[in-house]
>>> print(open('input37.tsv').read())   # TSV, N, CA and C atoms and all ligand atoms
chain	number	residue	atom	x	y	z
A	79	MET	N	-15.96	-13.48	-5.30
A	79	MET	CA	-14.89	-12.47	-5.44
A	79	MET	C	-13.62	-13.14	-5.94
A	80	HIS	N	-13.08	-12.62	-6.98
A	80	HIS	CA	-11.89	-13.13	-7.65
A	80	HIS	C	-10.68	-13.21	-6.72
A	81	GLU	N	-10.38	-12.10	-6.09
A	81	GLU	CA	-9.21	-12.00	-5.21
A	81	GLU	C	-9.29	-12.98	-4.06
A	82	TYR	N	-10.49	-13.14	-3.54
A	82	TYR	CA	-10.68	-13.97	-2.36
A	82	TYR	C	-10.26	-15.41	-2.62
A	83	GLY	N	-10.72	-15.96	-3.74
A	83	GLY	CA	-10.38	-17.33	-4.09
A	83	GLY	C	-8.88	-17.50	-4.31
A	84	LEU	N	-8.30	-16.53	-4.96
A	84	LEU	CA	-6.85	-16.57	-5.22
A	84	LEU	C	-6.07	-16.53	-3.91
A	85	MET	N	-6.46	-15.61	-3.03
A	85	MET	CA	-5.74	-15.45	-1.78
A	85	MET	C	-5.97	-16.61	-0.83
A	86	GLU	N	-7.12	-17.27	-0.96
A	86	GLU	CA	-7.40	-18.44	-0.16
A	86	GLU	C	-6.33	-19.50	-0.43
A	87	GLU	N	-6.01	-19.69	-1.70
A	87	GLU	CA	-4.98	-20.66	-2.09
A	87	GLU	C	-3.61	-20.24	-1.57
A	88	VAL	N	-3.32	-18.97	-1.68
A	88	VAL	CA	-2.03	-18.44	-1.25
A	88	VAL	C	-1.85	-18.64	0.26
A	89	VAL	N	-2.87	-18.26	1.02
A	89	VAL	CA	-2.79	-18.36	2.49
A	89	VAL	C	-2.70	-19.83	2.90
A	90	LYS	N	-3.44	-20.69	2.21
A	90	LYS	CA	-3.41	-22.12	2.50
A	90	LYS	C	-1.98	-22.68	2.32
A	91	SER	N	-1.34	-22.31	1.24
A	91	SER	CA	0.00	-22.85	1.00
A	91	SER	C	1.02	-22.25	1.97
A	92	LEU	N	0.82	-21.00	2.37
A	92	LEU	CA	1.73	-20.39	3.35
A	92	LEU	C	1.58	-21.06	4.71
A	93	LEU	N	0.35	-21.33	5.10
A	93	LEU	CA	0.12	-21.97	6.40
A	93	LEU	C	0.71	-23.38	6.42
A	94	ALA	N	0.63	-24.06	5.27
A	94	ALA	CA	1.22	-25.39	5.17
A	94	ALA	C	2.74	-25.30	5.34
A	95	LYS	N	3.32	-24.27	4.79
A	95	LYS	CA	4.76	-24.05	4.89
A	95	LYS	C	5.17	-23.83	6.36
A	96	LEU	N	4.34	-23.11	7.09
A	96	LEU	CA	4.65	-22.83	8.49
A	96	LEU	C	4.59	-24.08	9.35
A	97	GLU	N	3.90	-25.12	8.87
A	97	GLU	CA	3.80	-26.38	9.60
A	97	GLU	C	5.02	-27.26	9.37
A	98	GLU	N	5.82	-26.92	8.38
A	98	GLU	CA	6.97	-27.76	8.05
A	98	GLU	C	7.97	-27.77	9.20
A	99	PRO	N	8.66	-28.91	9.40
A	99	PRO	CA	9.64	-28.96	10.48
A	99	PRO	C	10.77	-27.97	10.25
A	100	GLY	N	11.23	-27.36	11.32
A	100	GLY	CA	12.35	-26.44	11.22
A	100	GLY	C	11.95	-25.01	10.97
A	101	VAL	N	10.68	-24.76	10.75
A	101	VAL	CA	10.23	-23.39	10.55
A	101	VAL	C	9.86	-22.80	11.92
A	102	GLU	N	10.66	-21.88	12.36
A	102	GLU	CA	10.48	-21.28	13.68
A	102	GLU	C	9.90	-19.89	13.52
A	103	ILE	N	8.66	-19.71	13.97
A	103	ILE	CA	8.04	-18.40	13.77
A	103	ILE	C	7.83	-17.66	15.08
A	104	GLU	N	8.20	-18.32	16.19
A	104	GLU	CA	8.00	-17.69	17.49
A	104	GLU	C	8.77	-16.38	17.57
A	105	GLY	N	8.06	-15.29	17.72
A	105	GLY	CA	8.69	-13.99	17.86
A	105	GLY	C	9.31	-13.42	16.59
A	106	ALA	N	9.18	-14.15	15.47
A	106	ALA	CA	9.77	-13.66	14.23
A	106	ALA	C	8.85	-12.67	13.53
A	107	GLN	N	9.45	-11.78	12.80
A	107	GLN	CA	8.68	-10.86	11.95
A	107	GLN	C	8.45	-11.58	10.63
A	108	MET	N	7.23	-11.68	10.23
A	108	MET	CA	6.95	-12.38	8.98
A	108	MET	C	6.56	-11.41	7.89
A	109	GLU	N	7.21	-11.60	6.77
A	109	GLU	CA	6.83	-10.81	5.61
A	109	GLU	C	6.51	-11.76	4.47
A	110	VAL	N	5.39	-11.54	3.85
A	110	VAL	CA	4.99	-12.36	2.72
A	110	VAL	C	5.14	-11.50	1.46
A	111	VAL	N	5.99	-11.97	0.56
A	111	VAL	CA	6.17	-11.24	-0.69
A	111	VAL	C	5.44	-12.03	-1.78
A	112	LEU	N	4.40	-11.43	-2.29
A	112	LEU	CA	3.56	-12.10	-3.26
A	112	LEU	C	3.59	-11.36	-4.59
A	113	LYS	N	3.88	-12.12	-5.62
A	113	LYS	CA	3.90	-11.52	-6.95
A	113	LYS	C	2.78	-12.15	-7.77
A	114	VAL	N	1.86	-11.32	-8.24
A	114	VAL	CA	0.75	-11.83	-9.04
A	114	VAL	C	0.67	-11.10	-10.38
A	115	GLY	N	0.06	-11.76	-11.34
A	115	GLY	CA	-0.14	-11.14	-12.64
A	115	GLY	C	-1.29	-10.15	-12.56
A	116	ALA	N	-1.21	-9.13	-13.38
A	116	ALA	CA	-2.26	-8.10	-13.37
A	116	ALA	C	-3.62	-8.65	-13.76
A	117	LEU	N	-3.65	-9.72	-14.53
A	117	LEU	CA	-4.94	-10.29	-14.93
A	117	LEU	C	-5.46	-11.32	-13.93
A	118	ALA	N	-4.70	-11.53	-12.86
A	118	ALA	CA	-5.16	-12.46	-11.83
A	118	ALA	C	-6.08	-11.76	-10.85
A	119	ILE	N	-6.00	-10.45	-10.78
A	119	ILE	CA	-6.76	-9.72	-9.77
A	119	ILE	C	-7.44	-8.50	-10.39
A	120	HIS	N	-8.44	-7.99	-9.68
A	120	HIS	CA	-9.11	-6.76	-10.11
A	120	HIS	C	-8.36	-5.54	-9.58
A	121	SER	N	-8.00	-5.62	-8.30
A	121	SER	CA	-7.28	-4.48	-7.74
A	121	SER	C	-6.39	-4.93	-6.60
A	122	ALA	N	-5.31	-4.21	-6.43
A	122	ALA	CA	-4.36	-4.52	-5.36
A	122	ALA	C	-5.02	-4.32	-4.01
A	123	ALA	N	-5.88	-3.31	-3.91
A	123	ALA	CA	-6.54	-3.02	-2.64
A	123	ALA	C	-7.43	-4.19	-2.20
A	124	ALA	N	-8.19	-4.74	-3.15
A	124	ALA	CA	-9.08	-5.86	-2.82
A	124	ALA	C	-8.27	-7.09	-2.45
A	125	THR	N	-7.10	-7.25	-3.07
A	125	THR	CA	-6.25	-8.39	-2.78
A	125	THR	C	-5.71	-8.31	-1.35
A	126	ARG	N	-5.27	-7.12	-0.97
A	126	ARG	CA	-4.78	-6.92	0.40
A	126	ARG	C	-5.88	-7.17	1.42
A	127	GLN	N	-7.07	-6.67	1.08
A	127	GLN	CA	-8.20	-6.82	1.98
A	127	GLN	C	-8.52	-8.31	2.19
A	128	ALA	N	-8.51	-9.06	1.10
A	128	ALA	CA	-8.79	-10.49	1.17
A	128	ALA	C	-7.74	-11.18	2.05
A	129	TYR	N	-6.49	-10.78	1.89
A	129	TYR	CA	-5.41	-11.36	2.69
A	129	TYR	C	-5.66	-11.11	4.17
A	130	GLU	N	-5.97	-9.87	4.48
A	130	GLU	CA	-6.18	-9.52	5.89
A	130	GLU	C	-7.33	-10.28	6.53
A	131	VAL	N	-8.38	-10.51	5.76
A	131	VAL	CA	-9.52	-11.28	6.27
A	131	VAL	C	-9.10	-12.74	6.48
A	132	LEU	N	-8.37	-13.28	5.51
A	132	LEU	CA	-8.02	-14.70	5.53
A	132	LEU	C	-7.01	-15.07	6.60
A	133	VAL	N	-6.12	-14.16	6.97
A	133	VAL	CA	-5.08	-14.52	7.95
A	133	VAL	C	-5.54	-14.32	9.40
A	134	GLN	N	-6.73	-13.74	9.57
A	134	GLN	CA	-7.23	-13.55	10.93
A	134	GLN	C	-7.30	-14.87	11.69
A	135	SER	N	-6.84	-14.85	12.92
A	135	SER	CA	-6.78	-16.03	13.81
A	135	SER	C	-5.97	-17.18	13.23
A	136	THR	N	-5.00	-16.88	12.39
A	136	THR	CA	-4.07	-17.91	11.93
A	136	THR	C	-2.67	-17.48	12.35
A	137	LYS	N	-1.69	-18.35	12.07
A	137	LYS	CA	-0.30	-18.02	12.39
A	137	LYS	C	0.22	-16.84	11.58
A	138	LEU	N	-0.50	-16.51	10.55
A	138	LEU	CA	-0.07	-15.40	9.69
A	138	LEU	C	-0.69	-14.07	10.09
A	139	GLU	N	-1.41	-14.09	11.17
A	139	GLU	CA	-2.16	-12.90	11.57
A	139	GLU	C	-1.31	-11.63	11.62
A	140	LYS	N	-0.08	-11.79	12.13
A	140	LYS	CA	0.76	-10.60	12.29
A	140	LYS	C	1.72	-10.39	11.12
A	141	SER	N	1.55	-11.14	10.07
A	141	SER	CA	2.48	-11.02	8.95
A	141	SER	C	2.18	-9.76	8.14
A	142	ARG	N	3.19	-9.34	7.41
A	142	ARG	CA	3.07	-8.17	6.57
A	142	ARG	C	3.05	-8.64	5.12
A	143	LEU	N	2.14	-8.11	4.35
A	143	LEU	CA	2.05	-8.52	2.94
A	143	LEU	C	2.68	-7.46	2.04
A	144	THR	N	3.62	-7.91	1.24
A	144	THR	CA	4.18	-7.04	0.21
A	144	THR	C	3.67	-7.57	-1.12
A	145	LEU	N	2.85	-6.78	-1.77
A	145	LEU	CA	2.20	-7.23	-2.99
A	145	LEU	C	2.86	-6.58	-4.21
A	146	ILE	N	3.29	-7.45	-5.11
A	146	ILE	CA	3.89	-6.94	-6.35
A	146	ILE	C	2.99	-7.39	-7.50
A	147	VAL	N	2.46	-6.44	-8.22
A	147	VAL	CA	1.58	-6.78	-9.35
A	147	VAL	C	2.38	-6.61	-10.64
A	148	GLU	N	2.49	-7.73	-11.35
A	148	GLU	CA	3.16	-7.70	-12.65
A	148	GLU	C	2.32	-6.86	-13.62
A	149	PRO	N	2.91	-5.93	-14.32
A	149	PRO	CA	2.09	-5.04	-15.15
A	149	PRO	C	1.50	-5.71	-16.39
A	150	LEU	N	0.48	-5.05	-16.91
A	150	LEU	CA	-0.12	-5.43	-18.19
A	150	LEU	C	0.77	-4.88	-19.31
A	151	THR	N	0.82	-5.60	-20.40
A	151	THR	CA	1.58	-5.09	-21.53
A	151	THR	C	0.68	-4.98	-22.75
A	152	LEU	N	0.71	-3.80	-23.36
A	152	LEU	CA	-0.05	-3.59	-24.58
A	152	LEU	C	0.92	-3.59	-25.76
A	153	THR	N	0.53	-4.33	-26.80
A	153	THR	CA	1.35	-4.36	-28.01
A	153	THR	C	0.48	-3.86	-29.16
A	154	CYS	N	0.89	-2.78	-29.78
A	154	CYS	CA	0.12	-2.19	-30.87
A	154	CYS	C	0.75	-2.58	-32.21
A	155	ALA	N	-0.08	-3.19	-33.06
A	155	ALA	CA	0.41	-3.58	-34.38
A	155	ALA	C	0.51	-2.37	-35.30
A	156	GLY	N	-0.32	-1.35	-35.02
A	156	GLY	CA	-0.37	-0.15	-35.86
A	156	GLY	C	0.91	0.66	-35.82
A	157	CYS	N	1.31	1.09	-34.62
A	157	CYS	CA	2.46	1.98	-34.53
A	157	CYS	C	3.67	1.32	-33.89
A	158	GLY	N	3.49	0.08	-33.44
A	158	GLY	CA	4.64	-0.62	-32.86
A	158	GLY	C	4.87	-0.34	-31.39
A	159	PHE	N	3.95	0.41	-30.78
A	159	PHE	CA	4.11	0.70	-29.36
A	159	PHE	C	4.04	-0.57	-28.54
A	160	GLN	N	4.92	-0.68	-27.56
A	160	GLN	CA	4.83	-1.77	-26.61
A	160	GLN	C	5.17	-1.22	-25.24
A	161	GLY	N	4.24	-1.38	-24.32
A	161	GLY	CA	4.51	-0.83	-23.00
A	161	GLY	C	3.50	-1.31	-21.99
A	162	SER	N	3.73	-0.93	-20.74
A	162	SER	CA	2.85	-1.40	-19.69
A	162	SER	C	1.69	-0.44	-19.49
A	163	LEU	N	0.60	-0.99	-19.00
A	163	LEU	CA	-0.61	-0.22	-18.74
A	163	LEU	C	-0.84	-0.17	-17.24
A	164	PRO	N	-1.55	0.86	-16.77
A	164	PRO	CA	-1.82	0.93	-15.33
A	164	PRO	C	-2.83	-0.12	-14.88
A	165	GLU	N	-2.84	-0.37	-13.57
A	165	GLU	CA	-3.79	-1.30	-12.97
A	165	GLU	C	-5.23	-0.90	-13.33
A	166	GLY	N	-6.04	-1.88	-13.66
A	166	GLY	CA	-7.44	-1.60	-13.95
A	166	GLY	C	-7.71	-1.14	-15.36
A	167	ALA	N	-6.70	-1.19	-16.23
A	167	ALA	CA	-6.88	-0.72	-17.61
A	167	ALA	C	-7.81	-1.64	-18.41
A	168	VAL	N	-7.83	-2.91	-18.03
A	168	VAL	CA	-8.74	-3.85	-18.70
A	168	VAL	C	-9.45	-4.70	-17.65
A	169	ASP	N	-10.55	-5.31	-18.09
A	169	ASP	CA	-11.29	-6.20	-17.21
A	169	ASP	C	-10.63	-7.58	-17.22
A	170	PRO	N	-10.18	-8.08	-16.05
A	170	PRO	CA	-9.47	-9.36	-16.05
A	170	PRO	C	-10.34	-10.54	-16.49
A	171	HIS	N	-11.67	-10.34	-16.55
A	171	HIS	CA	-12.54	-11.43	-16.98
A	171	HIS	C	-12.53	-11.64	-18.48
A	172	GLU	N	-12.07	-10.66	-19.21
A	172	GLU	CA	-12.02	-10.77	-20.67
A	172	GLU	C	-11.03	-11.87	-21.07
A	173	GLN	N	-11.44	-12.69	-22.00
A	173	GLN	CA	-10.54	-13.74	-22.47
A	173	GLN	C	-9.36	-13.14	-23.23
A	174	LEU	N	-9.67	-12.19	-24.11
A	174	LEU	CA	-8.64	-11.52	-24.88
A	174	LEU	C	-8.79	-10.01	-24.64
A	175	PRO	N	-8.21	-9.55	-23.55
A	175	PRO	CA	-8.41	-8.14	-23.22
A	175	PRO	C	-7.82	-7.18	-24.26
A	176	LEU	N	-8.56	-6.13	-24.52
A	176	LEU	CA	-8.13	-5.11	-25.49
A	176	LEU	C	-8.18	-3.74	-24.84
A	177	ALA	N	-7.32	-2.85	-25.30
A	177	ALA	CA	-7.33	-1.48	-24.80
A	177	ALA	C	-6.78	-0.58	-25.90
A	178	PRO	N	-7.16	0.70	-25.86
A	178	PRO	CA	-6.61	1.60	-26.87
A	178	PRO	C	-5.12	1.85	-26.64
A	179	CYS	N	-4.39	1.88	-27.73
A	179	CYS	CA	-2.96	2.17	-27.67
A	179	CYS	C	-2.76	3.60	-27.15
A	180	PRO	N	-1.89	3.79	-26.14
A	180	PRO	CA	-1.70	5.14	-25.61
A	180	PRO	C	-1.05	6.10	-26.63
A	181	GLN	N	-0.46	5.53	-27.66
A	181	GLN	CA	0.23	6.37	-28.63
A	181	GLN	C	-0.63	6.76	-29.82
A	182	CYS	N	-1.35	5.78	-30.41
A	182	CYS	CA	-2.13	6.10	-31.61
A	182	CYS	C	-3.62	5.83	-31.45
A	183	GLY	N	-4.03	5.21	-30.34
A	183	GLY	CA	-5.45	5.01	-30.08
A	183	GLY	C	-6.04	3.75	-30.69
A	184	ALA	N	-5.25	2.98	-31.46
A	184	ALA	CA	-5.77	1.76	-32.06
A	184	ALA	C	-6.06	0.73	-30.97
A	185	ILE	N	-7.19	0.03	-31.12
A	185	ILE	CA	-7.53	-1.01	-30.14
A	185	ILE	C	-6.55	-2.17	-30.30
A	186	SER	N	-5.86	-2.50	-29.22
A	186	SER	CA	-4.76	-3.45	-29.29
A	186	SER	C	-4.86	-4.50	-28.20
A	187	PRO	N	-4.27	-5.66	-28.44
A	187	PRO	CA	-4.30	-6.72	-27.43
A	187	PRO	C	-3.42	-6.40	-26.22
A	188	VAL	N	-3.91	-6.82	-25.06
A	188	VAL	CA	-3.19	-6.60	-23.81
A	188	VAL	C	-2.85	-7.97	-23.23
A	189	THR	N	-1.63	-8.15	-22.81
A	189	THR	CA	-1.26	-9.42	-22.21
A	189	THR	C	-0.78	-9.21	-20.79
A	190	GLY	N	-0.97	-10.22	-20.00
A	190	GLY	CA	-0.54	-10.18	-18.62
A	190	GLY	C	-0.75	-11.53	-18.00
A	191	SER	N	-0.09	-11.78	-16.91
A	191	SER	CA	-0.22	-13.08	-16.26
A	191	SER	C	-1.53	-13.17	-15.50
A	192	ARG	N	-2.13	-14.36	-15.51
A	192	ARG	CA	-3.40	-14.59	-14.82
A	192	ARG	C	-3.22	-15.36	-13.52
A	193	GLY	N	-2.00	-15.56	-13.13
A	193	GLY	CA	-1.81	-16.39	-11.94
A	193	GLY	C	-0.85	-15.78	-10.93
A	194	VAL	N	-0.55	-16.60	-9.95
A	194	VAL	CA	0.42	-16.21	-8.93
A	194	VAL	C	1.81	-16.52	-9.47
A	195	GLU	N	2.66	-15.53	-9.53
A	195	GLU	CA	4.00	-15.71	-10.07
A	195	GLU	C	4.94	-16.30	-9.04
A	196	SER	N	4.88	-15.78	-7.83
A	196	SER	CA	5.72	-16.32	-6.77
A	196	SER	C	5.20	-15.91	-5.41
A	197	ILE	N	5.49	-16.78	-4.44
A	197	ILE	CA	5.14	-16.49	-3.05
A	197	ILE	C	6.42	-16.71	-2.24
A	198	GLU	N	6.77	-15.72	-1.46
A	198	GLU	CA	7.98	-15.83	-0.67
A	198	GLU	C	7.64	-15.48	0.77
A	199	LEU	N	8.15	-16.29	1.68
A	199	LEU	CA	7.92	-16.02	3.10
A	199	LEU	C	9.25	-15.65	3.73
A	200	VAL	N	9.33	-14.44	4.22
A	200	VAL	CA	10.60	-13.96	4.81
A	200	VAL	C	10.41	-13.88	6.32
A	201	LEU	N	11.30	-14.56	7.03
A	201	LEU	CA	11.26	-14.52	8.50
A	201	LEU	C	12.47	-13.76	9.01
A	202	ASP	N	12.24	-12.80	9.86
A	202	ASP	CA	13.35	-12.04	10.44
A	202	ASP	C	13.58	-12.45	11.88
A	301	ZN	ZN	-0.38	2.39	-31.55
>>> encode(input="input37.tsv", output="structure tokens")
Amino acid sequence: MHEYGLMEEVVKSLLAKLEEPGVEIEGAQMEVVLKVGALAIHSAAATRQAYEVLVQSTKLEKSRLTLIVEPLTLTCAGCGFQGSLPEGAVDPHEQLPLAPCPQCGAISPVTGSRGVESIELVLD
């Protein structure tokens, strides 16, 4: 599962951060703000699910995940349209994902990030 491997890395680095000196999590509300590229995951739902499985019985068990998915961008050479596409518009496994232009229907290249853009741990 794509999401699982990605989230494994994310959770691992967050847990390492919690081990750092001076990080006090006793009684704190933890929020994890994760920004990923649309081509890094198949779906936001699967990503959340993977997170919830991975944080079980860890210090992150009670944390809240805020997931921000960077949108896909389609650029059409035909009509000049440039805009974002909804989640799941292309298969993230495609090396050069293509989708029909929403304006003129021409098959056009889609770009998006394939990685984790940022991970932020907020303690209240
Ligand atoms: Zn077009």
>>> residues_near_ligand(input="input37.tsv", ligand="ligand ZN 301 (chain A)", cutoff="6.5 Å", atoms="only N, CA and C atoms and all ligand atoms", output="list in words")
Cys154, Ala155, Gly156, Cys157, Gly158, Phe159, Cys179, Pro180, Gln181, Cys182, Gly183 and Ala184 of chain A
>>> closest_residue(input="input37.tsv", among="A:Pro187, A:Glu97, A:Arg142, A:Leu150", to="Gly166 in chain A", atoms="only N, CA and C atoms")
A:Leu150
>>> select_by_dssp(input="input37.tsv", residues="range 80-125 of chain A", states="strand (DSSP E or B)", output="ChimeraX atom specification")
/A:108-115
>>> atom_distance(input="input37.tsv", atom1="atom C of Pro99 in chain A", atom2="atom C of Ser141 in chain A")
20.2 Å
>>> closest_residue(input="input37.tsv", among="A:Val111, A:Ile119, A:Thr144, A:His171", to="Gly193 in chain A", atoms="all atoms listed in the file")
A:Ile119
>>> residues_around(input="input37.tsv", residues="range 89-94 of chain A", least_positions_apart="4", cutoff="8 Å", atoms="all atoms listed in the file", output="MDAnalysis selection string")
chainID A and resid 84:85 98 129 132:133 136:138 199
>>> atom_distance(input="input37.tsv", atom1="CA of Gln107 in chain A", atom2="CA of Asp202 in chain A")
5.0 Å
>>> closest_residue(input="input37.tsv", among="A:Pro149, A:Pro175, A:Gly115, A:Val88", to="Leu163 in chain A", atoms="only N, CA and C atoms")
A:Pro149
>>> residues_near_point(input="input37.tsv", point="(-1.6, -12.0, -12.0)", cutoff="9 Å", atoms="only C-alpha atoms", output="PDB file with N, CA and C atoms, keeping the file's coordinate frame")
ATOM      1  N   LYS A 113       3.880 -12.120  -5.620  1.00  0.00           N
ATOM      2  CA  LYS A 113       3.900 -11.520  -6.950  1.00  0.00           C
ATOM      3  C   LYS A 113       2.780 -12.150  -7.770  1.00  0.00           C
ATOM      4  N   VAL A 114       1.860 -11.320  -8.240  1.00  0.00           N
ATOM      5  CA  VAL A 114       0.750 -11.830  -9.040  1.00  0.00           C
ATOM      6  C   VAL A 114       0.670 -11.100 -10.380  1.00  0.00           C
ATOM      7  N   GLY A 115       0.060 -11.760 -11.340  1.00  0.00           N
ATOM      8  CA  GLY A 115      -0.140 -11.140 -12.640  1.00  0.00           C
ATOM      9  C   GLY A 115      -1.290 -10.150 -12.560  1.00  0.00           C
ATOM     10  N   ALA A 116      -1.210  -9.130 -13.380  1.00  0.00           N
ATOM     11  CA  ALA A 116      -2.260  -8.100 -13.370  1.00  0.00           C
ATOM     12  C   ALA A 116      -3.620  -8.650 -13.760  1.00  0.00           C
ATOM     13  N   LEU A 117      -3.650  -9.720 -14.530  1.00  0.00           N
ATOM     14  CA  LEU A 117      -4.940 -10.290 -14.930  1.00  0.00           C
ATOM     15  C   LEU A 117      -5.460 -11.320 -13.930  1.00  0.00           C
ATOM     16  N   ALA A 118      -4.700 -11.530 -12.860  1.00  0.00           N
ATOM     17  CA  ALA A 118      -5.160 -12.460 -11.830  1.00  0.00           C
ATOM     18  C   ALA A 118      -6.080 -11.760 -10.850  1.00  0.00           C
ATOM     19  N   ILE A 119      -6.000 -10.450 -10.780  1.00  0.00           N
ATOM     20  CA  ILE A 119      -6.760  -9.720  -9.770  1.00  0.00           C
ATOM     21  C   ILE A 119      -7.440  -8.500 -10.390  1.00  0.00           C
ATOM     22  N   VAL A 147       2.460  -6.440  -8.220  1.00  0.00           N
ATOM     23  CA  VAL A 147       1.580  -6.780  -9.350  1.00  0.00           C
ATOM     24  C   VAL A 147       2.380  -6.610 -10.640  1.00  0.00           C
ATOM     25  N   GLU A 148       2.490  -7.730 -11.350  1.00  0.00           N
ATOM     26  CA  GLU A 148       3.160  -7.700 -12.650  1.00  0.00           C
ATOM     27  C   GLU A 148       2.320  -6.860 -13.620  1.00  0.00           C
ATOM     28  N   PRO A 149       2.910  -5.930 -14.320  1.00  0.00           N
ATOM     29  CA  PRO A 149       2.090  -5.040 -15.150  1.00  0.00           C
ATOM     30  C   PRO A 149       1.500  -5.710 -16.390  1.00  0.00           C
ATOM     31  N   GLY A 190      -0.970 -10.220 -20.000  1.00  0.00           N
ATOM     32  CA  GLY A 190      -0.540 -10.180 -18.620  1.00  0.00           C
ATOM     33  C   GLY A 190      -0.750 -11.530 -18.000  1.00  0.00           C
ATOM     34  N   SER A 191      -0.090 -11.780 -16.910  1.00  0.00           N
ATOM     35  CA  SER A 191      -0.220 -13.080 -16.260  1.00  0.00           C
ATOM     36  C   SER A 191      -1.530 -13.170 -15.500  1.00  0.00           C
ATOM     37  N   ARG A 192      -2.130 -14.360 -15.510  1.00  0.00           N
ATOM     38  CA  ARG A 192      -3.400 -14.590 -14.820  1.00  0.00           C
ATOM     39  C   ARG A 192      -3.220 -15.360 -13.520  1.00  0.00           C
ATOM     40  N   GLY A 193      -2.000 -15.560 -13.130  1.00  0.00           N
ATOM     41  CA  GLY A 193      -1.810 -16.390 -11.940  1.00  0.00           C
ATOM     42  C   GLY A 193      -0.850 -15.780 -10.930  1.00  0.00           C
ATOM     43  N   VAL A 194      -0.550 -16.600  -9.950  1.00  0.00           N
ATOM     44  CA  VAL A 194       0.420 -16.210  -8.930  1.00  0.00           C
ATOM     45  C   VAL A 194       1.810 -16.520  -9.470  1.00  0.00           C
ATOM     46  N   GLU A 195       2.660 -15.530  -9.530  1.00  0.00           N
ATOM     47  CA  GLU A 195       4.000 -15.710 -10.070  1.00  0.00           C
ATOM     48  C   GLU A 195       4.940 -16.300  -9.040  1.00  0.00           C
TER      49      GLU A 195
END
>>> closest_residue(input="input37.tsv", among="A:Leu112, A:Tyr82, A:Val131, A:Glu165", to="Ser196 in chain A", atoms="only N, CA and C atoms")
A:Leu112
